[in-house]
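In what follows, a structure is listed as structure tokens, so that the remarks can point back to it.
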Amino acid sequence: MDYNKLKDYLGNQDHFIKEIGIEIDSIREGFAQTRLIHTDRHRNANGVVNGGALYTLADFTGVCAASSYGYRITTLNGTVNYLKPVRMNDKVIAVGRTTKYGNRIINITVDLFNDDGVIFMQSDLLFYNLGIKLELNEYEL
């Protein structure tokens, strides 16, 4: 698997992810690191980053980690624990790691934190391997 090509493919083909401000830092087998570049448009009425934006970051990070095995996947379920609000000056980094890679079900844990290691959110996500190989050779960079 060419992880640089996978990173470019996932980062460029999901227009919503680009629009919301999520960037991929790295992908390798069973692992992904992303970040949310948030602005005022991500802020909720309480003046902190909207929980939906944070869930989207966790889900996409899980997608990146689950896709690292070379197959198309889809999200089955996700649970989150919001531990601390994300203020507008906080950096938000997401790290996803495979907990279990089964025949079709992939369990990924994703933690969101800042540069100092302060954790904002923990999540546990399940993905389904559709059994369709990712054809990155057809993708034009």
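Letters A, B, ... mark the chains of the structure tokens in the order given; residue numbers begin at 1 per chain; ligand numbers begin at 1, in order shown.
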(request) For Gly70 (chain A), please output as JSON, numbers by chain all residues within 10 Å (counting only C-alpha atoms; exclusion window: fewer than 4 positions along the same chain). (result) {"A": [1, 2, 3, 6, 29, 66, 129, 131, 132, 133, 134, 135, 136]}
Got time to write the residues from that selection, C-alpha atoms, as a CSV table (one decimal), in the first residue's frame?
chain,number,residue,atom,x,y,z
A,1,MET,CA,0.0,0.0,0.0
A,2,ASP,CA,1.3,3.4,-1.0
A,3,TYR,CA,0.3,5.4,2.1
A,6,LEU,CA,-3.8,6.9,0.1
A,29,GLU,CA,-1.1,0.4,8.5
A,66,ALA,CA,-9.3,1.5,8.6
A,129,ASN,CA,-14.8,-3.7,5.2
A,131,GLY,CA,-14.5,-6.2,0.4
A,132,ILE,CA,-13.7,-3.8,-2.5
A,133,LYS,CA,-10.0,-3.1,-3.0
A,134,LEU,CA,-9.0,0.6,-3.1
A,135,GLU,CA,-7.7,1.2,-6.7
A,136,LEU,CA,-5.3,4.0,-6.1
(message) Neighbouring residues of Gly52 (chain A) were defined as those with any atom within 10 Å, considering only C-alpha atoms; residues of the same chain fewer than 6 positions away were excluded. Please report them as a PyMOL selection string.
(response) chain A and resi 42+44+58
Residues of the last selection are to be written out with N, CA and C atoms, as a compact mmCIF listing (two decimals), in the first residue's frame.
# COMPACT_ATOMS: atom_id res chain seq x y z
N HIS A 42 -16.60 27.11 13.17
CA HIS A 42 -16.73 25.87 13.92
C HIS A 42 -17.27 26.10 15.33
N ASN A 44 -19.68 26.98 18.46
CA ASN A 44 -21.10 26.88 18.79
C ASN A 44 -21.52 28.07 19.66
N ALA A 58 -12.99 12.73 14.36
CA ALA A 58 -12.73 11.37 14.87
C ALA A 58 -13.13 10.32 13.84
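With only C-alpha atoms as the basis for measurement, A:Phe113 is the residue among A:Phe16, A:Tyr101, A:Phe113, A:Tyr55 that approaches Lys84 (chain A) most closely.
Of note, CA of Asp8 (chain A) and CA of Ile20 (chain A) are spaced 16.6 Å apart.
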(request) Check the DSSP output for the backbone and give back, as a ChimeraX atom specification, the residues of region 3-134 of chain A in strand (DSSP E or B). (result) /A:22-28,31-36,43,49,71-82,92-101,105-113,119-133
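Relative to CA of Gly11 (chain A), CA of Val92 (chain A) is found at 17.1 Å.
Our summary of the geometry notes that CA of Asn103 (chain A) is positioned 29.1 Å from CA of Arg35 (chain A).
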(request) Mind checking which residues fall within 6 Å of Leu125 (chain A), counting only C-alpha atoms, ignoring those fewer than 5 positions away in the same chain, and posting them as an MDAnalysis selection string? (result) chainID A and resid 77:78 107:108
Could the residues in this selection be saved with C-alpha atoms as a compact mmCIF listing (two decimals), in the first residue's frame?
# COMPACT_ATOMS: atom_id res chain seq x y z
CA ASN A 77 -21.07 2.87 14.65
CA GLY A 78 -19.24 5.39 16.78
CA ASN A 107 -12.45 -1.43 15.51
CA ILE A 108 -10.55 1.88 15.73
(request) Please give the complete set of residues from region 30-131 of chain A that DSSP, run on the backbone, assigns to helix (DSSP H, G or I), formatted as a PyMOL selection string. (result) chain A and resi 40-42+51-67
Write the residues you've just listed into a file as an mmCIF file, in the first residue's frame, and include N, CA and C atoms for each of them.
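Dumped to out.cif:
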data_model
loop_
_atom_site.group_PDB
_atom_site.id
_atom_site.type_symbol
_atom_site.label_atom_id
_atom_site.label_comp_id
_atom_site.auth_asym_id
_atom_site.auth_seq_id
_atom_site.Cartn_x
_atom_site.Cartn_y
_atom_site.Cartn_z
ATOM 1 N N ASP A 40 -13.797 30.492 13.377
ATOM 2 C CA ASP A 40 -15.046 30.923 14.005
ATOM 3 C C ASP A 40 -16.258 30.142 13.492
ATOM 4 N N ARG A 41 -16.207 29.663 12.260
ATOM 5 C CA ARG A 41 -17.356 28.928 11.709
ATOM 6 C C ARG A 41 -17.580 27.590 12.412
ATOM 7 N N HIS A 42 -16.599 27.115 13.168
ATOM 8 C CA HIS A 42 -16.732 25.870 13.921
ATOM 9 C C HIS A 42 -17.274 26.096 15.333
ATOM 10 N N GLY A 51 -19.298 20.083 18.871
ATOM 11 C CA GLY A 51 -19.047 18.657 19.050
ATOM 12 C C GLY A 51 -19.199 17.859 17.770
ATOM 13 N N GLY A 52 -20.082 18.297 16.873
ATOM 14 C CA GLY A 52 -20.245 17.606 15.593
ATOM 15 C C GLY A 52 -19.001 17.683 14.735
ATOM 16 N N ALA A 53 -18.315 18.821 14.783
ATOM 17 C CA ALA A 53 -17.053 18.957 14.040
ATOM 18 C C ALA A 53 -15.998 18.015 14.620
ATOM 19 N N LEU A 54 -15.990 17.880 15.941
ATOM 20 C CA LEU A 54 -15.027 16.984 16.590
ATOM 21 C C LEU A 54 -15.342 15.524 16.275
ATOM 22 N N TYR A 55 -16.639 15.174 16.256
ATOM 23 C CA TYR A 55 -17.010 13.807 15.898
ATOM 24 C C TYR A 55 -16.607 13.511 14.451
ATOM 25 N N THR A 56 -16.827 14.484 13.561
ATOM 26 C CA THR A 56 -16.437 14.307 12.165
ATOM 27 C C THR A 56 -14.937 14.066 12.056
ATOM 28 N N LEU A 57 -14.152 14.806 12.826
ATOM 29 C CA LEU A 57 -12.701 14.601 12.831
ATOM 30 C C LEU A 57 -12.365 13.186 13.289
ATOM 31 N N ALA A 58 -12.992 12.726 14.361
ATOM 32 C CA ALA A 58 -12.729 11.371 14.872
ATOM 33 C C ALA A 58 -13.128 10.322 13.837
ATOM 34 N N ASP A 59 -14.299 10.474 13.241
ATOM 35 C CA ASP A 59 -14.776 9.510 12.249
ATOM 36 C C ASP A 59 -13.838 9.457 11.050
ATOM 37 N N PHE A 60 -13.441 10.618 10.527
ATOM 38 C CA PHE A 60 -12.559 10.637 9.365
ATOM 39 C C PHE A 60 -11.186 10.044 9.700
ATOM 40 N N THR A 61 -10.692 10.305 10.893
ATOM 41 C CA THR A 61 -9.419 9.716 11.313
ATOM 42 C C THR A 61 -9.535 8.195 11.345
ATOM 43 N N GLY A 62 -10.667 7.705 11.857
ATOM 44 C CA GLY A 62 -10.917 6.266 11.843
ATOM 45 C C GLY A 62 -10.997 5.715 10.432
ATOM 46 N N VAL A 63 -11.630 6.447 9.535
ATOM 47 C CA VAL A 63 -11.711 6.055 8.115
ATOM 48 C C VAL A 63 -10.300 5.909 7.540
ATOM 49 N N CYS A 64 -9.448 6.871 7.841
ATOM 50 C CA CYS A 64 -8.074 6.820 7.326
ATOM 51 C C CYS A 64 -7.337 5.587 7.852
ATOM 52 N N ALA A 65 -7.452 5.325 9.147
ATOM 53 C CA ALA A 65 -6.770 4.157 9.737
ATOM 54 C C ALA A 65 -7.344 2.857 9.177
ATOM 55 N N ALA A 66 -8.673 2.766 9.075
ATOM 56 C CA ALA A 66 -9.305 1.543 8.569
ATOM 57 C C ALA A 66 -9.017 1.333 7.087
ATOM 58 N N SER A 67 -8.912 2.411 6.317
ATOM 59 C CA SER A 67 -8.620 2.307 4.883
ATOM 60 C C SER A 67 -7.179 1.892 4.624
#
